Amino acid sequence: MFNLLMVCTDFPPDRGGISTYSIEIASALVKSCRVIVLAPGAPDIIGFDESCNFRIIRTPSLPFIRIAALFFYLPYLLMRFRFAAVLHTVWPTALISHLYYWFLPVSYFISVHASEILDDKRTWRRRLKYNLRRWRNAAINRAAGIFPVSHYGANLIRSFGLSQKNIHVVPNGVDPQRFKPDMRSNDRSRPKRILTVGRLDLHKGHDRVLEALGLIKSKGLVFEYIIVGEGDEDRRLRQISKKLGLENEVIFAGHIPDRELPGVYASADIFVMASREIPGRLDLIEGFGIAFLEASASGLPVIAGHSGGVADAVRNGQTGLLVNPEDPKEIAEAIHLLLTNSDLRRRLGGAGRQWTMCQMNWDTTAKCLLDKMQRLDQGKPIRSNSTAHVRNLRNH
């Protein structure tokens with residue numbers, strides 16, 4: 001059976017898009033190969049790790065050491081186990097594979113999301129990564145394959161002037177069995193429910209959505225707006241909501257546990273997140289937006305800010321509407337259209353559900369990754385439990 005080592009710096013119990021990517025990819029890949037995940041330690045995670053369907057090896061949980069220890073754990077694991085390949089879910093850990101490549105020549109691959117690959121000096125961590133950019137480029141050049149989750153990420157890699165031959169876009173996915181419409185919910189007496197799920201960060205565009213809803217309320221439309229998430233923008237957003245007279249329409253739900261999220265999506269009518277790019281803030285970029293797929297899998301029409309890699313997560317005019325995230329009037333027009341046109345809501349939501357069922361799910365993403373790693377690993381075949389499965393991947 002093919003052995004794969006996944007090296008992660010973002011992994012549950014940490015929250016965020018890359019953490020979701022890491023655990024979902026591992027859970028899907030283990031259906032076709034043997035997967036071991038190397039991840040930073042964290043307190044009280046024994047029960048969580050034992051519940052996963054793959055093996056997790058954790059570094060010590062002490063601050064700084066938990067990441068630095070990866071430089072020692074990775075070569076040790078490569079010598080102990082016969083891994084066919086290493087998948088780095090972010091580029092910094094690929095420096096380790098590059099460092100030891102002459103002694104441990106195991107093919108390695110790198111996933112690319114967005115802000116983590118961009119250079120700036122806002123924090124000490126990002127300054128460190130900025131100063132390592134030459135080593136980063138060397139590690140990327142030696143990688144057997146680069147897997148951006150969006151075409152936006154692929155263009156970022158190309159902008160470094162690096163070799164393009166091994167760049168292959170493999171988009172994120174969603175679990176359509178977990179996120180799905182609630183066919184029993186048909187309460188027409190309540191107001192239409194608009195939903196946003198995401199950290200309360202500046203680039204998520206909650207403020208522009210609130211401004212748009214202020215315009216919609218002035219036209220007499222009735223609605224509820226539920227904001228799920230925590231973050232630095234919480235206080236400012238509450239002030240904006242109060243200033244616009246939306247206290248009765250807006251619900252700040254805060255953090256909702258992952259197990260409850262599917263029900264929150266299923267209870268809504270429209271999903272909106274006006275993600276945008278902030279000048280000078282390379283750390284705030286929507287590299288894809290897994291929440292858009294979670295909404296689509298739940299049968300919701302999506303309104304999304306046309307920025308970063310969002311266009312890979314939302315099919316404009318098919319599963320949702322892409323809007324100028326800095327224009328509250330355009331956002332308001334899109335929301336108004338979906339609030340008043342039930343046929344369009346059903347069409348976009350149904351198409352999104354079908355898209356996630358057939359293409360944009362984690363099983364499809366994992367199969368595509370396996371196929372790409374097989375083709376890029378110097379022509380070496382990847383062994384699997386099932387000959388038929390490998391044959392299907394080749395025809396993917």
# chains A, B, ... in the order shown; residues from 1 in each chain; ligands from 1
$ closest_atom_pairs --of "segment 323-375 of chain A" --to "segment 147-157 of chain A" --cutoff "10 Å" --atoms "only C-alpha atoms" --output "tab-separated table"
residue	atom	partner	partner_atom	distance
A:Thr365	CA	A:Val149	CA	9.8
A:Leu369	CA	A:Phe147	CA	8.1
A:Lys372	CA	A:Phe147	CA	8.9
A:Met373	CA	A:Phe147	CA	9.8
$ select_by_dssp --residues "segment 141-216 of chain A" --states "strand (DSSP E)" --output "ChimeraX atom specification"
/A:145-148,192-197
$ closest_residue --among "A:Leu77, A:Ala295, A:Met357, A:Ala304" --to "Ser267 of chain A" --atoms "only C-alpha atoms"
A:Ala295
$ residues_around --residues "segment 339-341 of chain A" --least-positions-apart "5" --cutoff "9 Å" --atoms "only C-alpha atoms" --output "list in words"
Lys192, Leu221, Phe223, Asp269, Ile270, Ala334 and Arg346 of chain A
$ write_last_selection --atoms "N, CA and C atoms" --output "JSON list (two decimals), in the first residue's frame"
[["chain", "number", "residue", "atom", "x", "y", "z"],
["A", 192, "LYS", "N", -36.95, 35.92, 5.73],
["A", 192, "LYS", "CA", -35.86, 35.26, 5.01],
["A", 192, "LYS", "C", -34.56, 35.46, 5.79],
["A", 221, "LEU", "N", -38.07, 45.78, 2.97],
["A", 221, "LEU", "CA", -37.96, 44.32, 2.99],
["A", 221, "LEU", "C", -37.65, 43.83, 4.40],
["A", 223, "PHE", "N", -36.07, 40.82, 6.86],
["A", 223, "PHE", "CA", -35.05, 39.77, 6.78],
["A", 223, "PHE", "C", -34.38, 39.61, 8.15],
["A", 269, "ASP", "N", -31.54, 30.94, 4.13],
["A", 269, "ASP", "CA", -32.08, 31.04, 2.77],
["A", 269, "ASP", "C", -31.05, 31.54, 1.77],
["A", 270, "ILE", "N", -30.12, 32.37, 2.23],
["A", 270, "ILE", "CA", -29.11, 32.98, 1.36],
["A", 270, "ILE", "C", -27.79, 33.04, 2.13],
["A", 334, "ALA", "N", -27.89, 42.46, -5.35],
["A", 334, "ALA", "CA", -27.82, 40.99, -5.41],
["A", 334, "ALA", "C", -28.67, 40.36, -4.31],
["A", 346, "ARG", "N", -33.87, 28.92, -5.70],
["A", 346, "ARG", "CA", -33.90, 27.46, -5.82],
["A", 346, "ARG", "C", -32.95, 26.98, -6.91]]
$ closest_residue --among "A:Gly350, A:Asp10, A:Ala366, A:Gln374" --to "Glu24 of chain A" --atoms "only C-alpha atoms"
A:Ala366
$ residues_around --residues "Leu215 of chain A" --least-positions-apart "2" --cutoff "12 Å" --atoms "only C-alpha atoms" --output "ChimeraX atom specification"
/A:208-213,217-222,244-246,327-336
$ atom_distance --atom1 "atom CA of His203 of chain A" --atom2 "atom CA of Ile285 of chain A"
6.9 Å
$ residues_around --residues "Arg353 of chain A" --least-positions-apart "3" --cutoff "8 Å" --atoms "only C-alpha atoms" --output "NGL selection string"
:A and (176 or 180 or 296-300 or 349-350 or 356-357)
$ write_last_selection --atoms "N, CA and C atoms" --output "tab-separated table (two decimals), in the first residue's frame"
chain	number	residue	atom	x	y	z
A	176	PRO	N	-20.55	16.74	1.29
A	176	PRO	CA	-21.97	16.97	1.01
A	176	PRO	C	-22.90	16.05	1.80
A	180	LYS	N	-25.90	19.60	4.06
A	180	LYS	CA	-26.97	19.28	3.11
A	180	LYS	C	-28.23	20.05	3.49
A	296	SER	N	-23.12	26.02	-0.57
A	296	SER	CA	-23.65	25.38	-1.78
A	296	SER	C	-24.12	23.96	-1.49
A	297	ALA	N	-23.32	23.22	-0.71
A	297	ALA	CA	-23.71	21.85	-0.36
A	297	ALA	C	-25.01	21.84	0.43
A	298	SER	N	-25.28	22.94	1.16
A	298	SER	CA	-26.50	23.05	1.95
A	298	SER	C	-27.68	23.55	1.12
A	299	GLY	N	-27.45	23.73	-0.18
A	299	GLY	CA	-28.53	24.14	-1.08
A	299	GLY	C	-28.81	25.63	-1.06
A	300	LEU	N	-27.83	26.44	-0.60
A	300	LEU	CA	-28.05	27.88	-0.53
A	300	LEU	C	-27.48	28.59	-1.75
A	349	GLY	N	-29.26	27.50	-5.70
A	349	GLY	CA	-28.99	26.59	-4.59
A	349	GLY	C	-28.96	25.14	-5.04
A	350	GLY	N	-29.87	24.76	-5.93
A	350	GLY	CA	-29.88	23.39	-6.44
A	350	GLY	C	-28.66	23.07	-7.27
A	356	THR	N	-21.42	20.29	-5.73
A	356	THR	CA	-20.64	19.71	-4.63
A	356	THR	C	-20.79	18.20	-4.57
A	357	MET	N	-21.95	17.70	-4.93
A	357	MET	CA	-22.16	16.24	-4.93
A	357	MET	C	-21.29	15.56	-5.97
$ closest_residue --among "A:Leu202, A:Leu261, A:Ile18, A:Ala85" --to "Arg178 of chain A" --atoms "only C-alpha atoms"
A:Leu261
$ residues_around --residues "Val90 of chain A" --least-positions-apart "6" --cutoff "9 Å" --atoms "only C-alpha atoms" --output "list of chain:residue names"
A:Val7, A:Cys8, A:Thr9, A:Asp10, A:Ile18, A:Ile110, A:Ser111, A:Val112, A:His113, A:Glu116, A:Ile117
$ residues_around --residues "Gly280 of chain A" --least-positions-apart "3" --cutoff "10 Å" --atoms "only C-alpha atoms" --output "ChimeraX atom specification"
/A:120,122,277,283-284
$ select_by_dssp --residues "segment 134-179 of chain A" --states "alpha helix (DSSP H)" --output "list of chain:residue names"
A:Arg134, A:Trp135, A:Arg136, A:Asn137, A:Ala138, A:Ala139, A:Ile140, A:Asn141, A:Arg142, A:His151, A:Tyr152, A:Gly153, A:Ala154, A:Asn155, A:Leu156, A:Ile157, A:Arg158, A:Ser159
$ write_last_selection --atoms "N, CA and C atoms" --output "PDB file, in the first residue's frame"
ATOM      1  N   ARG A 134      14.075  33.260  -0.755  1.00  0.00           N
ATOM      2  CA  ARG A 134      14.947  32.586  -1.721  1.00  0.00           C
ATOM      3  C   ARG A 134      14.965  31.083  -1.481  1.00  0.00           C
ATOM      4  N   TRP A 135      15.011  30.720  -0.213  1.00  0.00           N
ATOM      5  CA  TRP A 135      14.955  29.292   0.124  1.00  0.00           C
ATOM      6  C   TRP A 135      13.587  28.729  -0.256  1.00  0.00           C
ATOM      7  N   ARG A 136      12.543  29.538  -0.029  1.00  0.00           N
ATOM      8  CA  ARG A 136      11.201  29.124  -0.436  1.00  0.00           C
ATOM      9  C   ARG A 136      11.156  28.799  -1.924  1.00  0.00           C
ATOM     10  N   ASN A 137      11.697  29.699  -2.746  1.00  0.00           N
ATOM     11  CA  ASN A 137      11.679  29.482  -4.191  1.00  0.00           C
ATOM     12  C   ASN A 137      12.464  28.236  -4.583  1.00  0.00           C
ATOM     13  N   ALA A 138      13.599  28.008  -3.898  1.00  0.00           N
ATOM     14  CA  ALA A 138      14.394  26.813  -4.192  1.00  0.00           C
ATOM     15  C   ALA A 138      13.628  25.549  -3.818  1.00  0.00           C
ATOM     16  N   ALA A 139      12.934  25.586  -2.668  1.00  0.00           N
ATOM     17  CA  ALA A 139      12.157  24.426  -2.235  1.00  0.00           C
ATOM     18  C   ALA A 139      10.991  24.160  -3.173  1.00  0.00           C
ATOM     19  N   ILE A 140      10.353  25.224  -3.643  1.00  0.00           N
ATOM     20  CA  ILE A 140       9.230  25.062  -4.575  1.00  0.00           C
ATOM     21  C   ILE A 140       9.725  24.502  -5.904  1.00  0.00           C
ATOM     22  N   ASN A 141      10.881  24.990  -6.374  1.00  0.00           N
ATOM     23  CA  ASN A 141      11.429  24.492  -7.637  1.00  0.00           C
ATOM     24  C   ASN A 141      11.766  23.007  -7.581  1.00  0.00           C
ATOM     25  N   ARG A 142      12.228  22.542  -6.420  1.00  0.00           N
ATOM     26  CA  ARG A 142      12.607  21.130  -6.302  1.00  0.00           C
ATOM     27  C   ARG A 142      11.401  20.234  -6.056  1.00  0.00           C
ATOM     28  N   HIS A 151      -7.009  29.120  -8.994  1.00  0.00           N
ATOM     29  CA  HIS A 151      -6.213  29.704 -10.068  1.00  0.00           C
ATOM     30  C   HIS A 151      -5.522  30.980  -9.593  1.00  0.00           C
ATOM     31  N   TYR A 152      -6.116  31.656  -8.623  1.00  0.00           N
ATOM     32  CA  TYR A 152      -5.459  32.819  -8.028  1.00  0.00           C
ATOM     33  C   TYR A 152      -4.138  32.396  -7.390  1.00  0.00           C
ATOM     34  N   GLY A 153      -4.152  31.316  -6.632  1.00  0.00           N
ATOM     35  CA  GLY A 153      -2.925  30.807  -6.017  1.00  0.00           C
ATOM     36  C   GLY A 153      -1.910  30.372  -7.056  1.00  0.00           C
ATOM     37  N   ALA A 154      -2.382  29.762  -8.141  1.00  0.00           N
ATOM     38  CA  ALA A 154      -1.472  29.351  -9.210  1.00  0.00           C
ATOM     39  C   ALA A 154      -0.782  30.558  -9.832  1.00  0.00           C
ATOM     40  N   ASN A 155      -1.524  31.634 -10.016  1.00  0.00           N
ATOM     41  CA  ASN A 155      -0.923  32.848 -10.582  1.00  0.00           C
ATOM     42  C   ASN A 155       0.103  33.469  -9.629  1.00  0.00           C
ATOM     43  N   LEU A 156      -0.135  33.332  -8.326  1.00  0.00           N
ATOM     44  CA  LEU A 156       0.847  33.828  -7.363  1.00  0.00           C
ATOM     45  C   LEU A 156       2.175  33.085  -7.530  1.00  0.00           C
ATOM     46  N   ILE A 157       2.104  31.771  -7.667  1.00  0.00           N
ATOM     47  CA  ILE A 157       3.320  30.976  -7.850  1.00  0.00           C
ATOM     48  C   ILE A 157       4.018  31.374  -9.149  1.00  0.00           C
ATOM     49  N   ARG A 158       3.256  31.543 -10.207  1.00  0.00           N
ATOM     50  CA  ARG A 158       3.843  31.928 -11.495  1.00  0.00           C
ATOM     51  C   ARG A 158       4.499  33.304 -11.411  1.00  0.00           C
ATOM     52  N   SER A 159       3.970  34.182 -10.555  1.00  0.00           N
ATOM     53  CA  SER A 159       4.528  35.532 -10.449  1.00  0.00           C
ATOM     54  C   SER A 159       5.928  35.534  -9.846  1.00  0.00           C
TER      55      SER A 159
END
$ atom_distance --atom1 "atom CA of Asp182 of chain A" --atom2 "atom CA of Ala351 of chain A"
16.0 Å
